file final-v8.cif (mmCIF, C-alpha atoms)
data_structure
loop_
_atom_site.group_PDB
_atom_site.id
_atom_site.type_symbol
_atom_site.label_atom_id
_atom_site.label_comp_id
_atom_site.auth_asym_id
_atom_site.auth_seq_id
_atom_site.Cartn_x
_atom_site.Cartn_y
_atom_site.Cartn_z
ATOM 1 C CA MET A 28 99.058 131.621 66.263
ATOM 2 C CA ALA A 29 97.781 128.432 67.919
ATOM 3 C CA GLU A 30 100.319 126.502 70.003
ATOM 4 C CA PRO A 31 101.226 123.050 68.661
ATOM 5 C CA SER A 32 99.733 120.176 70.573
ATOM 6 C CA SER A 33 102.218 118.509 72.951
ATOM 7 C CA ALA A 34 100.918 115.090 71.995
ATOM 8 C CA SER A 35 98.489 113.591 69.547
ATOM 9 C CA SER A 36 95.194 112.104 70.613
ATOM 10 C CA ILE A 37 96.643 108.669 69.825
ATOM 11 C CA HIS A 38 99.525 109.258 72.227
ATOM 12 C CA ARG A 39 97.102 110.343 74.927
ATOM 13 C CA ALA A 40 94.977 107.254 74.372
ATOM 14 C CA ILE A 41 98.032 105.002 74.612
ATOM 15 C CA ALA A 42 99.183 106.731 77.794
ATOM 16 C CA TRP A 43 95.759 106.585 79.469
ATOM 17 C CA LEU A 44 95.297 102.933 78.517
ATOM 18 C CA GLY A 45 98.744 102.224 79.919
ATOM 19 C CA GLY A 46 97.782 104.021 83.125
ATOM 20 C CA GLY A 47 94.625 101.912 83.294
ATOM 21 C CA LEU A 48 96.655 98.752 82.826
ATOM 22 C CA PHE A 49 98.969 99.935 85.597
ATOM 23 C CA VAL A 50 96.013 100.246 87.977
ATOM 24 C CA VAL A 51 94.642 96.856 86.895
ATOM 25 C CA SER A 52 97.996 95.162 87.510
ATOM 26 C CA LEU A 53 98.170 96.643 91.014
ATOM 27 C CA ALA A 54 94.584 95.556 91.726
ATOM 28 C CA VAL A 55 95.241 92.000 90.502
ATOM 29 C CA ALA A 56 98.430 91.811 92.572
ATOM 30 C CA ALA A 57 96.591 93.064 95.666
ATOM 31 C CA TRP A 58 93.799 90.498 95.186
ATOM 32 C CA THR A 59 96.293 87.694 94.552
ATOM 33 C CA PHE A 60 98.293 88.454 97.686
ATOM 34 C CA ALA A 61 95.395 89.323 99.994
ATOM 35 C CA VAL A 62 92.854 86.701 98.890
ATOM 36 C CA THR A 63 94.409 83.920 96.804
ATOM 37 C CA PHE A 64 97.539 83.617 98.938
ATOM 38 C CA ALA A 65 95.551 83.706 102.200
ATOM 39 C CA THR A 66 95.254 79.907 102.063
ATOM 40 C CA PRO A 67 98.110 77.459 101.373
ATOM 41 C CA GLY A 68 98.510 75.895 97.956
ATOM 42 C CA PRO A 69 97.707 72.231 97.267
ATOM 43 C CA ALA A 70 99.824 69.708 99.154
ATOM 44 C CA SER A 71 100.551 67.782 95.952
ATOM 45 C CA THR A 72 102.643 70.642 94.555
ATOM 46 C CA SER A 73 106.422 70.279 94.421
ATOM 47 C CA ILE A 74 107.638 73.025 96.743
ATOM 48 C CA ALA A 75 111.074 73.381 95.151
ATOM 49 C CA ALA A 76 109.675 73.529 91.607
ATOM 50 C CA ALA A 77 106.973 76.047 92.564
ATOM 51 C CA ILE A 78 109.425 78.330 94.361
ATOM 52 C CA GLY A 79 111.852 78.115 91.440
ATOM 53 C CA VAL A 80 109.219 79.155 88.902
ATOM 54 C CA ASN A 81 107.977 81.961 91.127
ATOM 55 C CA VAL A 82 111.456 83.349 91.709
ATOM 56 C CA LEU A 83 112.088 83.348 87.954
ATOM 57 C CA LEU A 84 108.775 85.094 87.264
ATOM 58 C CA PHE A 85 109.362 87.823 89.809
ATOM 59 C CA SER A 86 112.998 88.186 88.751
ATOM 60 C CA ALA A 87 111.942 88.818 85.133
ATOM 61 C CA PHE A 88 109.612 91.582 86.303
ATOM 62 C CA ALA A 89 112.231 93.019 88.663
ATOM 63 C CA LEU A 90 114.987 92.932 86.029
ATOM 64 C CA HIS A 91 112.871 94.934 83.612
ATOM 65 C CA HIS A 92 111.785 97.278 86.391
ATOM 66 C CA SER A 93 115.406 98.087 87.232
ATOM 67 C CA VAL A 94 117.240 97.883 83.919
ATOM 68 C CA MET A 95 114.656 99.789 81.860
ATOM 69 C CA ALA A 96 114.560 102.562 84.458
ATOM 70 C CA ARG A 97 118.263 103.282 83.993
ATOM 71 C CA THR A 98 119.375 106.306 82.000
ATOM 72 C CA ARG A 99 120.858 104.445 79.013
ATOM 73 C CA ALA A 100 117.890 102.095 78.716
ATOM 74 C CA ARG A 101 115.449 105.000 78.862
ATOM 75 C CA ALA A 102 117.441 106.807 76.183
ATOM 76 C CA TRP A 103 117.234 103.707 73.982
ATOM 77 C CA ILE A 104 113.457 103.499 74.466
ATOM 78 C CA ALA A 105 113.147 107.193 73.610
ATOM 79 C CA ARG A 106 114.814 106.474 70.264
ATOM 80 C CA GLN A 107 112.303 103.705 69.470
ATOM 81 C CA VAL A 108 109.103 105.545 70.410
ATOM 82 C CA PRO A 109 108.004 109.199 70.529
ATOM 83 C CA PRO A 110 109.609 110.920 73.564
ATOM 84 C CA THR A 111 106.188 111.589 75.090
ATOM 85 C CA LEU A 112 105.564 107.833 75.225
ATOM 86 C CA GLU A 113 108.900 106.842 76.777
ATOM 87 C CA ARG A 114 107.489 106.509 80.293
ATOM 88 C CA SER A 115 104.218 105.010 79.051
ATOM 89 C CA THR A 116 106.119 102.295 77.173
ATOM 90 C CA TYR A 117 107.928 101.406 80.370
ATOM 91 C CA VAL A 118 104.628 101.327 82.286
ATOM 92 C CA TRP A 119 102.949 99.122 79.670
ATOM 93 C CA ILE A 120 105.721 96.511 79.766
ATOM 94 C CA ALA A 121 106.091 96.575 83.554
ATOM 95 C CA SER A 122 102.324 96.216 84.073
ATOM 96 C CA LEU A 123 102.076 93.285 81.658
ATOM 97 C CA LEU A 124 105.004 91.546 83.355
ATOM 98 C CA PHE A 125 103.419 92.099 86.785
ATOM 99 C CA LEU A 126 100.184 90.528 85.540
ATOM 100 C CA ILE A 127 102.186 87.555 84.203
ATOM 101 C CA VAL A 128 103.741 87.141 87.648
ATOM 102 C CA CYS A 129 100.290 86.995 89.249
ATOM 103 C CA VAL A 130 98.690 84.724 86.644
ATOM 104 C CA GLY A 131 101.677 82.408 86.275
ATOM 105 C CA TRP A 132 102.405 82.087 90.008
ATOM 106 C CA GLN A 133 102.737 78.463 91.092
ATOM 107 C CA ARG A 134 100.908 77.841 94.364
ATOM 108 C CA THR A 135 103.111 76.660 97.202
ATOM 109 C CA PRO A 136 101.839 74.459 100.055
ATOM 110 C CA GLY A 137 102.513 75.313 103.669
ATOM 111 C CA GLN A 138 101.985 78.048 106.217
ATOM 112 C CA LEU A 139 104.610 79.619 108.469
ATOM 113 C CA TYR A 140 102.366 81.187 111.088
ATOM 114 C CA GLU A 141 99.089 82.941 111.835
ATOM 115 C CA ALA A 142 99.094 85.797 114.323
ATOM 116 C CA ARG A 143 96.454 85.848 117.028
ATOM 117 C CA GLY A 144 95.444 88.182 119.820
ATOM 118 C CA PRO A 145 97.440 91.429 120.182
ATOM 119 C CA TRP A 146 99.971 90.299 117.571
ATOM 120 C CA ARG A 147 97.239 90.188 114.943
ATOM 121 C CA TRP A 148 96.286 93.803 115.614
ATOM 122 C CA LEU A 149 99.915 94.889 115.695
ATOM 123 C CA LEU A 150 100.533 93.405 112.251
ATOM 124 C CA ALA A 151 97.312 94.958 110.939
ATOM 125 C CA ALA A 152 98.491 98.349 112.198
ATOM 126 C CA ALA A 153 101.813 97.848 110.396
ATOM 127 C CA GLN A 154 99.943 97.126 107.163
ATOM 128 C CA VAL A 155 97.814 100.260 107.569
ATOM 129 C CA ALA A 156 101.008 102.261 108.130
ATOM 130 C CA GLY A 157 102.425 100.724 104.969
ATOM 131 C CA VAL A 158 99.375 101.789 102.960
ATOM 132 C CA GLY A 159 99.677 105.306 104.389
ATOM 133 C CA LEU A 160 103.357 105.586 103.475
ATOM 134 C CA THR A 161 102.730 104.292 99.964
ATOM 135 C CA VAL A 162 99.831 106.672 99.284
ATOM 136 C CA ALA A 163 101.687 109.644 100.760
ATOM 137 C CA GLY A 164 104.806 108.898 98.734
ATOM 138 C CA ALA A 165 102.857 108.413 95.509
ATOM 139 C CA ARG A 166 101.064 111.745 96.010
ATOM 140 C CA VAL A 167 104.385 113.555 96.322
ATOM 141 C CA LEU A 168 105.781 111.896 93.190
ATOM 142 C CA ASP A 169 102.507 112.433 91.246
ATOM 143 C CA GLY A 170 100.583 109.283 90.341
ATOM 144 C CA LEU A 171 99.881 110.480 86.783
ATOM 145 C CA ASP A 172 103.588 111.008 86.264
ATOM 146 C CA LEU A 173 104.399 107.530 87.584
ATOM 147 C CA ALA A 174 101.760 106.050 85.253
ATOM 148 C CA GLY A 175 103.257 107.771 82.197
ATOM 149 C CA ILE A 176 100.224 109.995 81.601
ATOM 150 C CA ARG A 177 101.577 113.388 82.589
ATOM 151 C CA GLN A 178 104.370 113.214 79.999
ATOM 152 C CA VAL A 179 101.990 113.342 77.029
ATOM 153 C CA SER A 180 100.704 116.776 78.048
ATOM 154 C CA ARG A 181 103.992 118.511 78.822
ATOM 155 C CA ALA A 182 107.677 118.307 78.015
ATOM 156 C CA ALA A 183 109.897 116.143 80.198
ATOM 157 C CA ARG A 184 111.276 117.950 83.226
ATOM 158 C CA PRO A 185 114.400 117.235 85.275
ATOM 159 C CA PRO A 186 113.820 115.543 88.657
ATOM 160 C CA VAL A 187 112.790 117.938 91.419
ATOM 161 C CA ILE A 188 113.836 117.194 95.002
ATOM 162 C CA ARG A 189 110.952 117.997 97.340
ATOM 163 C CA LEU A 190 111.733 117.880 101.051
ATOM 164 C CA VAL A 191 108.285 116.913 102.259
ATOM 165 C CA TRP A 192 107.049 113.988 104.345
ATOM 166 C CA PRO A 193 107.492 111.041 104.027
ATOM 167 C CA PHE A 194 110.644 111.735 101.995
ATOM 168 C CA THR A 195 112.070 113.635 104.960
ATOM 169 C CA TRP A 196 111.957 110.404 106.975
ATOM 170 C CA VAL A 197 113.508 107.884 104.570
ATOM 171 C CA ARG A 198 114.583 108.251 100.942
ATOM 172 C CA HIS A 199 112.355 105.392 99.697
ATOM 173 C CA PRO A 200 109.102 105.539 101.702
ATOM 174 C CA ILE A 201 107.074 103.756 99.007
ATOM 175 C CA TYR A 202 109.420 100.774 99.221
ATOM 176 C CA LEU A 203 109.133 100.778 103.011
ATOM 177 C CA GLY A 204 105.348 100.939 102.643
ATOM 178 C CA TRP A 205 105.417 97.919 100.326
ATOM 179 C CA ILE A 206 107.493 95.882 102.789
ATOM 180 C CA LEU A 207 105.151 96.737 105.654
ATOM 181 C CA MET A 208 102.062 95.855 103.621
ATOM 182 C CA VAL A 209 103.282 92.439 102.506
ATOM 183 C CA GLY A 210 105.650 91.590 105.358
ATOM 184 C CA ALA A 211 103.027 92.098 108.064
ATOM 185 C CA ALA A 212 100.463 89.832 106.415
ATOM 186 C CA SER A 213 98.809 87.127 108.489
ATOM 187 C CA PRO A 214 98.424 84.244 108.013
ATOM 188 C CA MET A 215 101.896 84.041 106.464
ATOM 189 C CA THR A 216 101.470 81.251 103.951
ATOM 190 C CA ALA A 217 104.373 79.895 101.902
ATOM 191 C CA ASP A 218 103.128 81.816 98.855
ATOM 192 C CA ARG A 219 103.166 85.062 100.788
ATOM 193 C CA ALA A 220 106.560 84.288 102.309
ATOM 194 C CA VAL A 221 108.130 83.741 98.881
ATOM 195 C CA TRP A 222 106.506 86.935 97.567
ATOM 196 C CA VAL A 223 107.802 88.916 100.566
ATOM 197 C CA ALA A 224 111.317 87.475 100.394
ATOM 198 C CA VAL A 225 111.825 87.936 96.657
ATOM 199 C CA SER A 226 110.303 91.414 96.451
ATOM 200 C CA THR A 227 112.174 92.683 99.530
ATOM 201 C CA LEU A 228 115.486 91.315 98.263
ATOM 202 C CA TYR A 229 114.869 93.006 94.926
ATOM 203 C CA LEU A 230 114.148 96.357 96.557
ATOM 204 C CA VAL A 231 117.265 96.212 98.719
ATOM 205 C CA ILE A 232 119.436 95.383 95.700
ATOM 206 C CA ALA A 233 117.749 97.921 93.399
ATOM 207 C CA MET A 234 117.902 100.964 95.685
ATOM 208 C CA PRO A 235 121.626 101.772 95.191
ATOM 209 C CA TRP A 236 121.187 101.475 91.401
ATOM 210 C CA GLU A 237 118.163 103.740 91.476
ATOM 211 C CA GLU A 238 119.984 106.312 93.568
ATOM 212 C CA ARG A 239 122.914 106.389 91.156
ATOM 213 C CA THR A 240 120.453 107.135 88.339
ATOM 214 C CA LEU A 241 118.763 109.879 90.366
ATOM 215 C CA SER A 242 122.136 111.349 91.288
ATOM 216 C CA ALA A 243 123.156 111.441 87.632
ATOM 217 C CA ALA A 244 119.868 113.122 86.670
ATOM 218 C CA ALA A 245 119.507 115.616 89.538
ATOM 219 C CA GLY A 246 123.202 116.132 90.301
ATOM 220 C CA PRO A 247 124.257 117.976 93.473
ATOM 221 C CA ALA A 248 120.640 118.473 94.577
ATOM 222 C CA TYR A 249 120.106 114.736 95.058
ATOM 223 C CA GLN A 250 123.499 114.287 96.689
ATOM 224 C CA ALA A 251 122.613 117.033 99.173
ATOM 225 C CA TYR A 252 119.269 115.322 99.788
ATOM 226 C CA CYS A 253 121.038 112.044 100.592
ATOM 227 C CA ARG A 254 123.216 113.847 103.137
ATOM 228 C CA GLN A 255 120.155 115.439 104.734
ATOM 229 C CA VAL A 256 118.002 112.271 104.758
ATOM 230 C CA ARG A 257 120.500 109.650 105.817
ATOM 231 C CA TRP A 258 118.467 106.459 105.726
ATOM 232 C CA ARG A 259 117.331 104.741 102.545
ATOM 233 C CA LEU A 260 114.666 102.422 103.901
ATOM 234 C CA VAL A 261 114.658 101.897 107.678
ATOM 235 C CA PRO A 262 115.574 104.733 110.043
ATOM 236 C CA GLY A 263 118.638 103.863 112.087
ATOM 237 C CA LEU A 264 119.315 100.671 110.146
ATOM 238 C CA TYR A 265 119.592 101.086 106.365
#
call {"tool": "encode", "arguments": {"input": "final-v8.cif", "output": "structure tokens"}}
result
Amino acid sequence: MAEPSSASSIHRAIAWLGGGLFVVSLAVAAWTFAVTFATPGPASTSIAAAIGVNVLLFSAFALHHSVMARTRARAWIARQVPPTLERSTYVWIASLLFLIVCVGWQRTPGQLYEARGPWRWLLAAAQVAGVGLTVAGARVLDGLDLAGIRQVSRAARPPVIRLVWPFTWVRHPIYLGWILMVGAASPMTADRAVWVAVSTLYLVIAMPWEERTLSAAAGPAYQAYCRQVRWRLVPGLY
């Protein structure tokens, strides 16, 4: 007897398109931060109004990113769409919101600093380290799983705690990688500074919520992991 397919071809198409949109949103965000934000916005812009709009845009993305990742919200999504598309639905919405953040961003005039000499190379090294942490962390978690593609080819599995680097160093290495990538940028224009401040604040606030969800899903295994790897984000500090 032939085994039933774990997902229809339509589900696979939706998941792969969502994964593609996920990659596009990351690419647009990288271009926006690295290229567009490398020069200050027009001097005629109202700084307060621009910052206010940008904070609201990023907050909308962050709120979805946190709330819809919680257990109850995910259960609600699973009741609205086929279970195999639960993660893909989340990825689709998050990617669209991230693109809206980039496209709707209001340019902010001003520049805080531009590193020169040895400081420039030090910051560049920090950014390279951030990229390395992010890639290493994503490989451990499985990029196809994060993009919602893996779920259409197999049944959902409970979280598995893998004690491998960089998760043996801090519990959220991808978040640390993000902060290094954006926080070590130079020149640090006002646009970049707002992006760094809002995204870092969001990550710091979201981590305890995320860990409560992981603890509820993985149980004692995650609690033991937290005792073994003490620091959430910065060794010796937080």
call {"tool": "residues_around", "arguments": {"input": "final-v8.cif", "residues": "Phe125 in chain A", "least_positions_apart": "6", "cutoff": "8 Å", "atoms": "all atoms listed in the file", "output": "PyMOL selection string"}}
result
chain A and resi 52+56+85+88
call {"tool": "write_last_selection", "arguments": {"input": "final-v8.cif", "atoms": "C-alpha atoms", "output": "mmCIF file, keeping the file's coordinate frame"}}
result
data_model
loop_
_atom_site.group_PDB
_atom_site.id
_atom_site.type_symbol
_atom_site.label_atom_id
_atom_site.label_comp_id
_atom_site.auth_asym_id
_atom_site.auth_seq_id
_atom_site.Cartn_x
_atom_site.Cartn_y
_atom_site.Cartn_z
ATOM 1 C CA SER A 52 97.996 95.162 87.510
ATOM 2 C CA ALA A 56 98.430 91.811 92.572
ATOM 3 C CA PHE A 85 109.362 87.823 89.809
ATOM 4 C CA PHE A 88 109.612 91.582 86.303
#
call {"tool": "atom_distance", "arguments": {"input": "final-v8.cif", "atom1": "CA of Ala77 in chain A", "atom2": "CA of Thr59 in chain A"}}
result
15.9 Å
call {"tool": "atom_distance", "arguments": {"input": "final-v8.cif", "atom1": "CA of Val209 in chain A", "atom2": "CA of Arg189 in chain A"}}
result
27.2 Å
call {"tool": "residues_around", "arguments": {"input": "final-v8.cif", "residues": "Ala220 in chain A", "least_positions_apart": "2", "cutoff": "12 Å", "atoms": "all atoms listed in the file", "output": "PDB file with C-alpha atoms, in the coordinates of the input"}}
result
ATOM      1  CA  PHE A  60      98.293  88.454  97.686  1.00  0.00           C
ATOM      2  CA  PHE A  64      97.539  83.617  98.938  1.00  0.00           C
ATOM      3  CA  ALA A  65      95.551  83.706 102.200  1.00  0.00           C
ATOM      4  CA  PRO A  67      98.110  77.459 101.373  1.00  0.00           C
ATOM      5  CA  ILE A  78     109.425  78.330  94.361  1.00  0.00           C
ATOM      6  CA  ASN A  81     107.977  81.961  91.127  1.00  0.00           C
ATOM      7  CA  VAL A  82     111.456  83.349  91.709  1.00  0.00           C
ATOM      8  CA  ARG A 134     100.908  77.841  94.364  1.00  0.00           C
ATOM      9  CA  THR A 135     103.111  76.660  97.202  1.00  0.00           C
ATOM     10  CA  PRO A 136     101.839  74.459 100.055  1.00  0.00           C
ATOM     11  CA  GLY A 137     102.513  75.313 103.669  1.00  0.00           C
ATOM     12  CA  GLN A 138     101.985  78.048 106.217  1.00  0.00           C
ATOM     13  CA  LEU A 139     104.610  79.619 108.469  1.00  0.00           C
ATOM     14  CA  TYR A 140     102.366  81.187 111.088  1.00  0.00           C
ATOM     15  CA  ILE A 206     107.493  95.882 102.789  1.00  0.00           C
ATOM     16  CA  VAL A 209     103.282  92.439 102.506  1.00  0.00           C
ATOM     17  CA  GLY A 210     105.650  91.590 105.358  1.00  0.00           C
ATOM     18  CA  ALA A 211     103.027  92.098 108.064  1.00  0.00           C
ATOM     19  CA  ALA A 212     100.463  89.832 106.415  1.00  0.00           C
ATOM     20  CA  SER A 213      98.809  87.127 108.489  1.00  0.00           C
ATOM     21  CA  PRO A 214      98.424  84.244 108.013  1.00  0.00           C
ATOM     22  CA  MET A 215     101.896  84.041 106.464  1.00  0.00           C
ATOM     23  CA  THR A 216     101.470  81.251 103.951  1.00  0.00           C
ATOM     24  CA  ALA A 217     104.373  79.895 101.902  1.00  0.00           C
ATOM     25  CA  ASP A 218     103.128  81.816  98.855  1.00  0.00           C
ATOM     26  CA  TRP A 222     106.506  86.935  97.567  1.00  0.00           C
ATOM     27  CA  VAL A 223     107.802  88.916 100.566  1.00  0.00           C
ATOM     28  CA  ALA A 224     111.317  87.475 100.394  1.00  0.00           C
ATOM     29  CA  VAL A 225     111.825  87.936  96.657  1.00  0.00           C
ATOM     30  CA  SER A 226     110.303  91.414  96.451  1.00  0.00           C
ATOM     31  CA  THR A 227     112.174  92.683  99.530  1.00  0.00           C
TER      32      THR A 227
END
call {"tool": "closest_residue", "arguments": {"input": "final-v8.cif", "among": "A:Ala233, A:His199, A:Arg219, A:Ala75", "to": "Cys253 in chain A", "atoms": "only C-alpha atoms"}}
result
A:His199
call {"tool": "residues_around", "arguments": {"input": "final-v8.cif", "residues": "His38 in chain A", "least_positions_apart": "3", "cutoff": "10 Å", "atoms": "all atoms listed in the file", "output": "ChimeraX atom specification"}}
result
/A:33-35,41-44,109,111-112,115,176,178-180
call {"tool": "atom_distance", "arguments": {"input": "final-v8.cif", "atom1": "CA of Thr195 in chain A", "atom2": "CA of Ala174 in chain A"}}
result
23.5 Å
call {"tool": "resolve_selection", "arguments": {"input": "final-v8.cif", "expression": "the PyMOL selection byres ((chain A and resi 200) around 10)", "output": "list in words"}}
result
Gly157, Gly159, Leu160, Thr161, Val162, Ala163, Gly164, Ala165, Trp192, Pro193, Phe194, Thr195, Trp196, Val197, Arg198, His199, Ile201, Tyr202, Leu203, Gly204, Trp205, Ile206, Arg259, Leu260 and Val261 of chain A
call {"tool": "closest_residue", "arguments": {"input": "final-v8.cif", "among": "A:Ala248, A:Ile232, A:Val108, A:Leu124", "to": "Ile188 in chain A", "atoms": "only C-alpha atoms"}}
result
A:Ala248
call {"tool": "closest_residue", "arguments": {"input": "final-v8.cif", "among": "A:Val167, A:Ala151, A:Ile127, A:Leu207", "to": "Val80 in chain A", "atoms": "only C-alpha atoms"}}
result
A:Ile127
call {"tool": "closest_residue", "arguments": {"input": "final-v8.cif", "among": "A:Ile74, A:Leu190, A:Leu264, A:Leu228", "to": "Ala251 in chain A", "atoms": "only C-alpha atoms"}}
result
A:Leu190
call {"tool": "residues_around", "arguments": {"input": "final-v8.cif", "residues": "Ala245 in chain A", "least_positions_apart": "2", "cutoff": "9 Å", "atoms": "all atoms listed in the file", "output": "PDB file with C-alpha atoms, in the coordinates of the input"}}
result
ATOM      1  CA  PRO A 185     114.400 117.235  85.275  1.00  0.00           C
ATOM      2  CA  PRO A 186     113.820 115.543  88.657  1.00  0.00           C
ATOM      3  CA  VAL A 187     112.790 117.938  91.419  1.00  0.00           C
ATOM      4  CA  ILE A 188     113.836 117.194  95.002  1.00  0.00           C
ATOM      5  CA  THR A 240     120.453 107.135  88.339  1.00  0.00           C
ATOM      6  CA  LEU A 241     118.763 109.879  90.366  1.00  0.00           C
ATOM      7  CA  SER A 242     122.136 111.349  91.288  1.00  0.00           C
ATOM      8  CA  ALA A 243     123.156 111.441  87.632  1.00  0.00           C
ATOM      9  CA  PRO A 247     124.257 117.976  93.473  1.00  0.00           C
ATOM     10  CA  ALA A 248     120.640 118.473  94.577  1.00  0.00           C
ATOM     11  CA  TYR A 249     120.106 114.736  95.058  1.00  0.00           C
ATOM     12  CA  GLN A 250     123.499 114.287  96.689  1.00  0.00           C
TER      13      GLN A 250
END
call {"tool": "resolve_selection", "arguments": {"input": "final-v8.cif", "expression": "the PyMOL selection byres ((chain A and resi 120) around 12)", "output": "MDAnalysis selection string"}}
result
chainID A and resid 45:46 48:49 52 87:92 95:96 104 113:119 121:127 174:175
call {"tool": "closest_residue", "arguments": {"input": "final-v8.cif", "among": "A:Met234, A:Arg166, A:Gln255, A:Gly263", "to": "Ser93 in chain A", "atoms": "all atoms listed in the file"}}
result
A:Met234
